[in-house]
Amino acid sequence: MAANRFNAFTDYGIGIGLRVPHYQHILSQHPVVDWFEVISENYMVDGGRPLAVLDQILEQYRIVQHGVSMYFGSADRLNKEHLRRLKALTRRTKTPWLTDHLCWGSVDGRYTHDLLPMPYTWEAAKITAEKIRQVQDYLEIPVNVENVSSYAEFHISEMTEWQFLTEVVERADCGILLDVNNIYVSSMNHNFNPQEYVDFVPADRVAQIHIAGHSRFEKYLLDTHDHPVLDPVWDLYARAIQRCGPTATLLEWDDSIPSFEEVHAEALKANRFLSIVKSDGNTTPVCEGVR
Amino acid sequence: MNELKQLQRRMASAVMTPLTRNNGMKPRTAAGHSMRAEAQQFIKPNDRLSSFERLEIYNQQYWFRVLDAFADDFPGLRAIIGARKFEQLSLAYLTECPSRSYTLRNLGSRLLAWLRAHPEWIQPQERLAMDMVRLEWAHVEAFDVADEPVVGPEDLLEVTQATLFAIQPHIRLLQLAYPVDDLLIDVKEDSDQHSNAASNAGSYRRKPHPAVKKVEQLNPERIYVVVYRHQYSVWYRRLTPEAFRMLRSMQQGNQLSVALDYALRGSRLHESELAERVKEWFAEWSQMGWFCKTLDTMRLRVDDSSKRRQDKI
Ligand SMILES: [Fe+2]
């Protein structure tokens, strides 16, 4: 696997998102799963069932934390209470790395609870990178930013999304959680070639990959996480691991969630592509080691 | 102000503007300008969608998300005032009190205060609705607040009248005028049944819940309820006025002797009877793990060791 300093030189394999409807199955059947991704905010509480379940899961499984509201790209300052709780949770889960989105979602202390797209400007890249650095310094674990699906573009943008992502992660010296479904959704919504995106990002910074399903509407695609992964997304996944090497992979399924087995089986389809990369002697993963 | 902040203020203001009745984006901004012109100012159109339509996707996502989360936390209020009025109330509340927290869990944190300032939304059932909101917010809080280390039986051997008992943070004490505890359980059971049967029951959902009518007709009385967490679930239990006052006084940080005095005030119970009851309560409450060790309990140890009156109970 593409172990690098952004995933703490780990080799995590294929995981799925830990979701409430699967709690009982996991705790009673103890299925074999490489790792689970948890939404940090669901467990940034003081007590009760969420933490009790998390502790039980932690006894048997490896967990990686994924956040949805740090809003690195918000012009607002970081929320100290959020950071304090997040750090406490990282100590509990011992997550080797942490992820959140390259987006914004709050302004003047008001939260939209959405992953809103960034304007791709030099100023925004600088502000965002500075905030990622602050978070990384405070949490003392590698932070990786995830590209989001988007439905709008701004007049003031000065570069492409993939140039912006690269500019931010290099300025912040952080890693990337590459969501190939989000790349596909955005490419359809904004008429760009998704392959170009995947080929551009600094492969040596990719710590983790997200795969997921989406929905097609008449005039746009929506990132709904309520379907199996579609073929064009698998194609992008294949291309991404060809560039990055076999990377920790996670399937997101958040709505109309089927049985645990079905979700896990869908995630394990990634093995078809991983085995090719692993067995292909000609492919030298470009993200081995430190850049 | 930097360009990023300007853009974010502009977009957030549009995204958080309430939708039209048909769940579309409003043609006018809050300031009365054309929303179409506003969207064109900062959002690029593409070959399929105008700037307005692209912004509308975010506007809709925002409202669907917060309205859903809010409705999940207040099914009882929804049952009392009916779904249509509840939707309007939610929109008004969330417009005035948008989320100020990184978690949707806190979305309803200002609802009680907001309803006090805007009783018109819950009239003529104001008292019943306020009781329900207090219960539902207590439920949200009791679900995930901290667990403090429990005081064990061995700690209780040391109890004196000067003892300060700390009560678990998840304990919420509510004095109510209507039996909204029973009503909320009915409402939730009913909605579980409906969702299990995948029934849409549209007309039933638009109107106030049938059980509400019965409760509305009751005369207001004094009902004492404790909301608490046990084995990771939230429960409601009725208390006698004496038990309620005793717990409330201890929760406020009073010594046992003060709490006992307060519990007895206005009670019809004879003092000897009360002593019997207190024993029962303490056995039960300590078994439920309602007493906890905090800094105050530590302080009490120091108090105990001084030469105070050591009346064992
Ligand atoms: Fe993702």
# chains A, B, ... in the order shown; residues from 1 in each chain; ligands from 1
$ closest_atom_pairs --of "chain A" --to "chain B" --cutoff "7 Å" --atoms "only C-alpha atoms" --output "JSON lines"
{"residue": "A:Glu41", "atom": "CA", "partner": "B:Thr103", "partner_atom": "CA", "distance": 6.6}
{"residue": "A:Val45", "atom": "CA", "partner": "B:Asp144", "partner_atom": "CA", "distance": 6.1}
{"residue": "A:Asp46", "atom": "CA", "partner": "B:Ala146", "partner_atom": "CA", "distance": 4.4}
{"residue": "A:Gly47", "atom": "CA", "partner": "B:Ala146", "partner_atom": "CA", "distance": 4.3}
{"residue": "A:Gly48", "atom": "CA", "partner": "B:Asp144", "partner_atom": "CA", "distance": 4.5}
{"residue": "A:Arg49", "atom": "CA", "partner": "B:Tyr232", "partner_atom": "CA", "distance": 4.8}
{"residue": "A:Ser69", "atom": "CA", "partner": "B:Tyr102", "partner_atom": "CA", "distance": 5.9}
{"residue": "A:Ala75", "atom": "CA", "partner": "B:Lys5", "partner_atom": "CA", "distance": 5.2}
{"residue": "A:Val107", "atom": "CA", "partner": "B:Arg9", "partner_atom": "CA", "distance": 6.3}
{"residue": "A:Gly109", "atom": "CA", "partner": "B:Arg100", "partner_atom": "CA", "distance": 5.7}
{"residue": "A:Arg110", "atom": "CA", "partner": "B:Arg100", "partner_atom": "CA", "distance": 4.9}
{"residue": "A:Tyr111", "atom": "CA", "partner": "B:Ser99", "partner_atom": "CA", "distance": 5.3}
{"residue": "A:Thr112", "atom": "CA", "partner": "B:Tyr62", "partner_atom": "CA", "distance": 6.3}
{"residue": "A:Asp114", "atom": "CA", "partner": "B:Tyr62", "partner_atom": "CA", "distance": 6.8}
{"residue": "A:Ala124", "atom": "CA", "partner": "B:Leu4", "partner_atom": "CA", "distance": 6.2}
{"residue": "A:Tyr151", "atom": "CA", "partner": "B:Arg54", "partner_atom": "CA", "distance": 6.0}
{"residue": "A:Ala152", "atom": "CA", "partner": "B:Arg54", "partner_atom": "CA", "distance": 5.5}
{"residue": "A:Glu153", "atom": "CA", "partner": "B:Lys44", "partner_atom": "CA", "distance": 5.5}
{"residue": "A:Phe154", "atom": "CA", "partner": "B:Ile43", "partner_atom": "CA", "distance": 4.6}
{"residue": "A:His155", "atom": "CA", "partner": "B:Phe42", "partner_atom": "CA", "distance": 5.6}
{"residue": "A:Lys219", "atom": "CA", "partner": "B:Arg48", "partner_atom": "CA", "distance": 5.9}
$ residues_around --residues "segment 178-195 of chain A" --least-positions-apart "4" --cutoff "7 Å" --atoms "only C-alpha atoms" --output "PDB file with all heavy atoms, in the first residue's frame"
ATOM      1  N   GLU A 146      -9.840  16.815   1.735  1.00  0.00           N
ATOM      2  CA  GLU A 146     -10.609  16.114   0.702  1.00  0.00           C
ATOM      3  C   GLU A 146     -11.247  17.102  -0.274  1.00  0.00           C
ATOM      4  O   GLU A 146     -11.875  18.083   0.146  1.00  0.00           O
ATOM      5  CB  GLU A 146     -11.716  15.271   1.365  1.00  0.00           C
ATOM      6  CG  GLU A 146     -12.612  14.600   0.344  1.00  0.00           C
ATOM      7  CD  GLU A 146     -13.769  13.805   0.946  1.00  0.00           C
ATOM      8  OE1 GLU A 146     -13.877  13.756   2.190  1.00  0.00           O
ATOM      9  OE2 GLU A 146     -14.556  13.254   0.166  1.00  0.00           O
ATOM     10  N   ASN A 147     -11.135  16.811  -1.544  1.00  0.00           N
ATOM     11  CA  ASN A 147     -11.837  17.584  -2.572  1.00  0.00           C
ATOM     12  C   ASN A 147     -13.331  17.278  -2.490  1.00  0.00           C
ATOM     13  O   ASN A 147     -13.720  16.131  -2.279  1.00  0.00           O
ATOM     14  CB  ASN A 147     -11.303  17.210  -3.958  1.00  0.00           C
ATOM     15  CG  ASN A 147     -11.448  15.716  -4.229  1.00  0.00           C
ATOM     16  OD1 ASN A 147     -10.828  14.899  -3.556  1.00  0.00           O
ATOM     17  ND2 ASN A 147     -12.289  15.355  -5.192  1.00  0.00           N
ATOM     18  N   VAL A 148     -14.177  18.324  -2.629  1.00  0.00           N
ATOM     19  CA  VAL A 148     -15.637  18.110  -2.505  1.00  0.00           C
ATOM     20  C   VAL A 148     -16.310  18.104  -3.882  1.00  0.00           C
ATOM     21  O   VAL A 148     -15.736  18.565  -4.865  1.00  0.00           O
ATOM     22  CB  VAL A 148     -16.300  19.205  -1.621  1.00  0.00           C
ATOM     23  CG1 VAL A 148     -15.741  19.155  -0.218  1.00  0.00           C
ATOM     24  CG2 VAL A 148     -16.140  20.600  -2.224  1.00  0.00           C
ATOM     25  N   SER A 149     -17.536  17.597  -3.912  1.00  0.00           N
ATOM     26  CA  SER A 149     -18.363  17.737  -5.118  1.00  0.00           C
ATOM     27  C   SER A 149     -18.888  19.161  -5.140  1.00  0.00           C
ATOM     28  O   SER A 149     -19.216  19.713  -4.087  1.00  0.00           O
ATOM     29  CB  SER A 149     -19.592  16.824  -5.036  1.00  0.00           C
ATOM     30  OG  SER A 149     -19.218  15.488  -5.182  1.00  0.00           O
ATOM     31  N   SER A 150     -19.023  19.744  -6.311  1.00  0.00           N
ATOM     32  CA  SER A 150     -19.598  21.097  -6.318  1.00  0.00           C
ATOM     33  C   SER A 150     -20.577  21.280  -7.468  1.00  0.00           C
ATOM     34  O   SER A 150     -20.576  20.538  -8.456  1.00  0.00           O
ATOM     35  CB  SER A 150     -18.501  22.156  -6.347  1.00  0.00           C
ATOM     36  OG  SER A 150     -17.770  22.064  -7.545  1.00  0.00           O
ATOM     37  N   TYR A 151     -21.419  22.285  -7.276  1.00  0.00           N
ATOM     38  CA  TYR A 151     -22.517  22.553  -8.218  1.00  0.00           C
ATOM     39  C   TYR A 151     -22.452  23.976  -8.748  1.00  0.00           C
ATOM     40  O   TYR A 151     -23.319  24.399  -9.503  1.00  0.00           O
ATOM     41  CB  TYR A 151     -23.865  22.285  -7.511  1.00  0.00           C
ATOM     42  CG  TYR A 151     -23.794  20.985  -6.743  1.00  0.00           C
ATOM     43  CD1 TYR A 151     -23.600  20.968  -5.359  1.00  0.00           C
ATOM     44  CD2 TYR A 151     -23.801  19.769  -7.422  1.00  0.00           C
ATOM     45  CE1 TYR A 151     -23.439  19.773  -4.670  1.00  0.00           C
ATOM     46  CE2 TYR A 151     -23.638  18.572  -6.737  1.00  0.00           C
ATOM     47  CZ  TYR A 151     -23.463  18.586  -5.368  1.00  0.00           C
ATOM     48  OH  TYR A 151     -23.291  17.407  -4.702  1.00  0.00           O
ATOM     49  N   ASP A 199      -4.612  13.094 -12.868  1.00  0.00           N
ATOM     50  CA  ASP A 199      -3.221  13.075 -13.316  1.00  0.00           C
ATOM     51  C   ASP A 199      -2.407  14.247 -12.770  1.00  0.00           C
ATOM     52  O   ASP A 199      -1.184  14.196 -12.739  1.00  0.00           O
ATOM     53  CB  ASP A 199      -3.155  13.101 -14.856  1.00  0.00           C
ATOM     54  CG  ASP A 199      -3.565  11.762 -15.440  1.00  0.00           C
ATOM     55  OD1 ASP A 199      -3.671  10.786 -14.659  1.00  0.00           O
ATOM     56  OD2 ASP A 199      -3.807  11.681 -16.655  1.00  0.00           O
ATOM     57  N   VAL A 206      -1.100  11.795  -1.580  1.00  0.00           N
ATOM     58  CA  VAL A 206      -2.406  11.146  -1.417  1.00  0.00           C
ATOM     59  C   VAL A 206      -2.309  10.076  -0.326  1.00  0.00           C
ATOM     60  O   VAL A 206      -1.612   9.076  -0.478  1.00  0.00           O
ATOM     61  CB  VAL A 206      -2.907  10.540  -2.749  1.00  0.00           C
ATOM     62  CG1 VAL A 206      -4.212   9.782  -2.527  1.00  0.00           C
ATOM     63  CG2 VAL A 206      -3.100  11.647  -3.779  1.00  0.00           C
ATOM     64  N   GLN A 208      -5.184   8.794   1.263  1.00  0.00           N
ATOM     65  CA  GLN A 208      -6.406   7.985   1.314  1.00  0.00           C
ATOM     66  C   GLN A 208      -7.264   8.318   0.102  1.00  0.00           C
ATOM     67  O   GLN A 208      -7.165   9.421  -0.447  1.00  0.00           O
ATOM     68  CB  GLN A 208      -7.170   8.321   2.605  1.00  0.00           C
ATOM     69  CG  GLN A 208      -8.389   7.468   2.872  1.00  0.00           C
ATOM     70  CD  GLN A 208      -9.235   8.018   4.022  1.00  0.00           C
ATOM     71  OE1 GLN A 208      -8.726   8.583   4.982  1.00  0.00           O
ATOM     72  NE2 GLN A 208     -10.536   7.849   3.918  1.00  0.00           N
ATOM     73  N   ILE A 209      -8.101   7.353  -0.290  1.00  0.00           N
ATOM     74  CA  ILE A 209      -9.027   7.583  -1.413  1.00  0.00           C
ATOM     75  C   ILE A 209     -10.454   7.282  -0.965  1.00  0.00           C
ATOM     76  O   ILE A 209     -10.690   6.327  -0.222  1.00  0.00           O
ATOM     77  CB  ILE A 209      -8.657   6.689  -2.625  1.00  0.00           C
ATOM     78  CG1 ILE A 209      -7.259   7.067  -3.146  1.00  0.00           C
ATOM     79  CG2 ILE A 209      -9.690   6.807  -3.745  1.00  0.00           C
ATOM     80  CD1 ILE A 209      -6.775   6.229  -4.320  1.00  0.00           C
ATOM     81  N   HIS A 210     -11.385   8.117  -1.386  1.00  0.00           N
ATOM     82  CA  HIS A 210     -12.814   7.865  -1.166  1.00  0.00           C
ATOM     83  C   HIS A 210     -13.457   7.413  -2.468  1.00  0.00           C
ATOM     84  O   HIS A 210     -13.198   7.991  -3.523  1.00  0.00           O
ATOM     85  CB  HIS A 210     -13.541   9.163  -0.748  1.00  0.00           C
ATOM     86  CG  HIS A 210     -13.665   9.344   0.722  1.00  0.00           C
ATOM     87  ND1 HIS A 210     -14.200  10.493   1.275  1.00  0.00           N
ATOM     88  CD2 HIS A 210     -13.352   8.533   1.768  1.00  0.00           C
ATOM     89  CE1 HIS A 210     -14.199  10.386   2.591  1.00  0.00           C
ATOM     90  NE2 HIS A 210     -13.691   9.206   2.926  1.00  0.00           N
ATOM     91  N   ILE A 211     -14.312   6.394  -2.349  1.00  0.00           N
ATOM     92  CA  ILE A 211     -15.174   6.030  -3.465  1.00  0.00           C
ATOM     93  C   ILE A 211     -16.618   6.094  -2.959  1.00  0.00           C
ATOM     94  O   ILE A 211     -16.858   5.921  -1.757  1.00  0.00           O
ATOM     95  CB  ILE A 211     -14.865   4.608  -4.012  1.00  0.00           C
ATOM     96  CG1 ILE A 211     -14.749   3.593  -2.857  1.00  0.00           C
ATOM     97  CG2 ILE A 211     -13.583   4.606  -4.847  1.00  0.00           C
ATOM     98  CD1 ILE A 211     -14.534   2.165  -3.304  1.00  0.00           C
ATOM     99  N   ALA A 212     -17.571   6.370  -3.837  1.00  0.00           N
ATOM    100  CA  ALA A 212     -18.975   6.489  -3.416  1.00  0.00           C
ATOM    101  C   ALA A 212     -19.871   6.485  -4.642  1.00  0.00           C
ATOM    102  O   ALA A 212     -19.388   6.542  -5.778  1.00  0.00           O
ATOM    103  CB  ALA A 212     -19.177   7.795  -2.635  1.00  0.00           C
ATOM    104  N   GLY A 213     -21.177   6.434  -4.366  1.00  0.00           N
ATOM    105  CA  GLY A 213     -22.153   6.523  -5.453  1.00  0.00           C
ATOM    106  C   GLY A 213     -22.745   7.927  -5.505  1.00  0.00           C
ATOM    107  O   GLY A 213     -22.661   8.682  -4.542  1.00  0.00           O
ATOM    108  N   TYR A 220     -27.737  18.061 -13.724  1.00  0.00           N
ATOM    109  CA  TYR A 220     -26.507  17.973 -12.932  1.00  0.00           C
ATOM    110  C   TYR A 220     -26.444  16.651 -12.166  1.00  0.00           C
ATOM    111  O   TYR A 220     -27.446  15.942 -12.045  1.00  0.00           O
ATOM    112  CB  TYR A 220     -26.381  19.161 -11.965  1.00  0.00           C
ATOM    113  CG  TYR A 220     -27.482  19.240 -10.913  1.00  0.00           C
ATOM    114  CD1 TYR A 220     -27.281  18.737  -9.636  1.00  0.00           C
ATOM    115  CD2 TYR A 220     -28.719  19.826 -11.213  1.00  0.00           C
ATOM    116  CE1 TYR A 220     -28.279  18.816  -8.678  1.00  0.00           C
ATOM    117  CE2 TYR A 220     -29.718  19.903 -10.260  1.00  0.00           C
ATOM    118  CZ  TYR A 220     -29.492  19.399  -8.996  1.00  0.00           C
ATOM    119  OH  TYR A 220     -30.483  19.474  -8.045  1.00  0.00           O
ATOM    120  N   LEU A 221     -25.239  16.335 -11.665  1.00  0.00           N
ATOM    121  CA  LEU A 221     -25.072  15.159 -10.802  1.00  0.00           C
ATOM    122  C   LEU A 221     -25.020  15.650  -9.354  1.00  0.00           C
ATOM    123  O   LEU A 221     -24.463  16.706  -9.068  1.00  0.00           O
ATOM    124  CB  LEU A 221     -23.757  14.430 -11.100  1.00  0.00           C
ATOM    125  CG  LEU A 221     -23.519  13.880 -12.503  1.00  0.00           C
ATOM    126  CD1 LEU A 221     -22.303  12.949 -12.496  1.00  0.00           C
ATOM    127  CD2 LEU A 221     -24.732  13.117 -13.018  1.00  0.00           C
ATOM    128  N   LEU A 222     -25.599  14.841  -8.444  1.00  0.00           N
ATOM    129  CA  LEU A 222     -25.585  15.200  -7.028  1.00  0.00           C
ATOM    130  C   LEU A 222     -24.867  14.095  -6.251  1.00  0.00           C
ATOM    131  O   LEU A 222     -25.102  12.905  -6.479  1.00  0.00           O
ATOM    132  CB  LEU A 222     -27.025  15.356  -6.528  1.00  0.00           C
ATOM    133  CG  LEU A 222     -27.220  16.052  -5.183  1.00  0.00           C
ATOM    134  CD1 LEU A 222     -26.787  17.511  -5.234  1.00  0.00           C
ATOM    135  CD2 LEU A 222     -28.692  15.979  -4.749  1.00  0.00           C
ATOM    136  N   ASP A 223     -24.012  14.521  -5.345  1.00  0.00           N
ATOM    137  CA  ASP A 223     -23.203  13.596  -4.551  1.00  0.00           C
ATOM    138  C   ASP A 223     -24.051  13.059  -3.405  1.00  0.00           C
ATOM    139  O   ASP A 223     -24.070  13.635  -2.326  1.00  0.00           O
ATOM    140  CB  ASP A 223     -22.002  14.379  -4.017  1.00  0.00           C
ATOM    141  CG  ASP A 223     -21.085  13.519  -3.195  1.00  0.00           C
ATOM    142  OD1 ASP A 223     -20.990  12.320  -3.470  1.00  0.00           O
ATOM    143  OD2 ASP A 223     -20.454  14.057  -2.254  1.00  0.00           O
ATOM    144  N   VAL A 233     -16.520   6.044 -12.125  1.00  0.00           N
ATOM    145  CA  VAL A 233     -15.802   6.348 -10.875  1.00  0.00           C
ATOM    146  C   VAL A 233     -14.753   5.263 -10.603  1.00  0.00           C
ATOM    147  O   VAL A 233     -13.627   5.549 -10.188  1.00  0.00           O
ATOM    148  CB  VAL A 233     -16.788   6.507  -9.692  1.00  0.00           C
ATOM    149  CG1 VAL A 233     -16.051   6.706  -8.371  1.00  0.00           C
ATOM    150  CG2 VAL A 233     -17.747   7.663  -9.953  1.00  0.00           C
ATOM    151  N   LEU A 236     -11.777   6.023 -12.658  1.00  0.00           N
ATOM    152  CA  LEU A 236     -10.917   7.059 -12.058  1.00  0.00           C
ATOM    153  C   LEU A 236     -10.128   6.482 -10.882  1.00  0.00           C
ATOM    154  O   LEU A 236      -8.964   6.829 -10.667  1.00  0.00           O
ATOM    155  CB  LEU A 236     -11.758   8.236 -11.547  1.00  0.00           C
ATOM    156  CG  LEU A 236     -12.271   9.236 -12.569  1.00  0.00           C
ATOM    157  CD1 LEU A 236     -13.040  10.335 -11.866  1.00  0.00           C
ATOM    158  CD2 LEU A 236     -11.118   9.844 -13.377  1.00  0.00           C
ATOM    159  N   TYR A 237     -10.783   5.605 -10.157  1.00  0.00           N
ATOM    160  CA  TYR A 237     -10.106   4.943  -9.032  1.00  0.00           C
ATOM    161  C   TYR A 237      -8.895   4.157  -9.545  1.00  0.00           C
ATOM    162  O   TYR A 237      -7.786   4.251  -8.986  1.00  0.00           O
ATOM    163  CB  TYR A 237     -11.090   4.025  -8.306  1.00  0.00           C
ATOM    164  CG  TYR A 237     -10.451   3.223  -7.193  1.00  0.00           C
ATOM    165  CD1 TYR A 237     -10.026   3.853  -6.016  1.00  0.00           C
ATOM    166  CD2 TYR A 237     -10.240   1.845  -7.316  1.00  0.00           C
ATOM    167  CE1 TYR A 237      -9.416   3.129  -5.005  1.00  0.00           C
ATOM    168  CE2 TYR A 237      -9.631   1.124  -6.305  1.00  0.00           C
ATOM    169  CZ  TYR A 237      -9.226   1.771  -5.152  1.00  0.00           C
ATOM    170  OH  TYR A 237      -8.606   1.061  -4.149  1.00  0.00           O
TER     171      TYR A 237
END
$ select_by_dssp --residues "segment 212-261 of chain B" --states "strand (DSSP E)" --output "tab-separated table (two decimals) with N, CA and C atoms, in the first residue's frame"
chain	number	residue	atom	x	y	z
B	223	ILE	N	-47.07	18.43	37.50
B	223	ILE	CA	-46.50	17.12	37.21
B	223	ILE	C	-44.99	17.24	37.30
B	224	TYR	N	-44.40	16.33	38.06
B	224	TYR	CA	-42.95	16.39	38.27
B	224	TYR	C	-42.29	15.24	37.53
B	225	VAL	N	-41.40	15.60	36.62
B	225	VAL	CA	-40.78	14.56	35.78
B	225	VAL	C	-39.26	14.68	35.85
B	226	VAL	N	-38.60	13.53	35.93
B	226	VAL	CA	-37.16	13.52	35.79
B	226	VAL	C	-36.84	12.85	34.44
B	227	VAL	N	-35.98	13.51	33.68
B	227	VAL	CA	-35.48	12.96	32.41
B	227	VAL	C	-34.06	12.51	32.69
B	228	TYR	N	-33.76	11.26	32.40
B	228	TYR	CA	-32.43	10.75	32.74
B	228	TYR	C	-31.97	9.71	31.73
B	229	ARG	N	-30.69	9.40	31.80
B	229	ARG	CA	-30.13	8.41	30.88
B	229	ARG	C	-29.80	7.15	31.67
B	230	HIS	N	-30.21	6.03	31.12
B	230	HIS	CA	-29.91	4.76	31.76
B	230	HIS	C	-29.55	3.78	30.65
B	233	SER	N	-29.92	4.91	27.04
B	233	SER	CA	-31.20	5.40	26.51
B	233	SER	C	-31.74	6.47	27.44
B	234	VAL	N	-32.56	7.36	26.89
B	234	VAL	CA	-33.15	8.43	27.70
B	234	VAL	C	-34.53	7.99	28.16
B	235	TRP	N	-34.79	8.19	29.44
B	235	TRP	CA	-36.06	7.77	30.04
B	235	TRP	C	-36.72	8.95	30.73
B	236	TYR	N	-38.08	8.85	30.91
B	236	TYR	CA	-38.81	9.86	31.68
B	236	TYR	C	-39.45	9.12	32.85
B	237	ARG	N	-39.44	9.78	34.01
B	237	ARG	CA	-40.12	9.15	35.14
B	237	ARG	C	-40.81	10.23	35.97
B	238	ARG	N	-42.01	9.92	36.47
B	238	ARG	CA	-42.72	10.86	37.34
B	238	ARG	C	-42.15	10.78	38.76
B	239	LEU	N	-42.14	11.91	39.43
B	239	LEU	CA	-41.66	11.96	40.82
B	239	LEU	C	-42.75	12.55	41.70
$ residues_around --residues "segment 2-5 of chain A" --least-positions-apart "5" --cutoff "12 Å" --atoms "only C-alpha atoms" --output "PyMOL selection string"
chain A and resi 10-13+96-97+141-144+173-176+203-209+240-249+274+277-278+284-291
$ residues_around --residues "Val278 of chain B" --least-positions-apart "4" --cutoff "9 Å" --atoms "only C-alpha atoms" --output "ChimeraX atom specification"
/B:243,246,260,273-274,282-283,313
$ closest_residue --among "A:Arg62, A:Arg84, A:Arg19, A:His225" --to "ligand 1" --atoms "only C-alpha atoms and all ligand atoms"
A:His225
$ closest_residue --among "A:Phe6, A:Trp234, A:Trp253, A:Tyr43" --to "ligand 1" --atoms "only C-alpha atoms and all ligand atoms"
A:Trp253
$ closest_residue --among "A:Asp280, A:Glu252, A:Glu59, A:Asp235" --to "ligand 1" --atoms "only C-alpha atoms and all ligand atoms"
A:Glu252
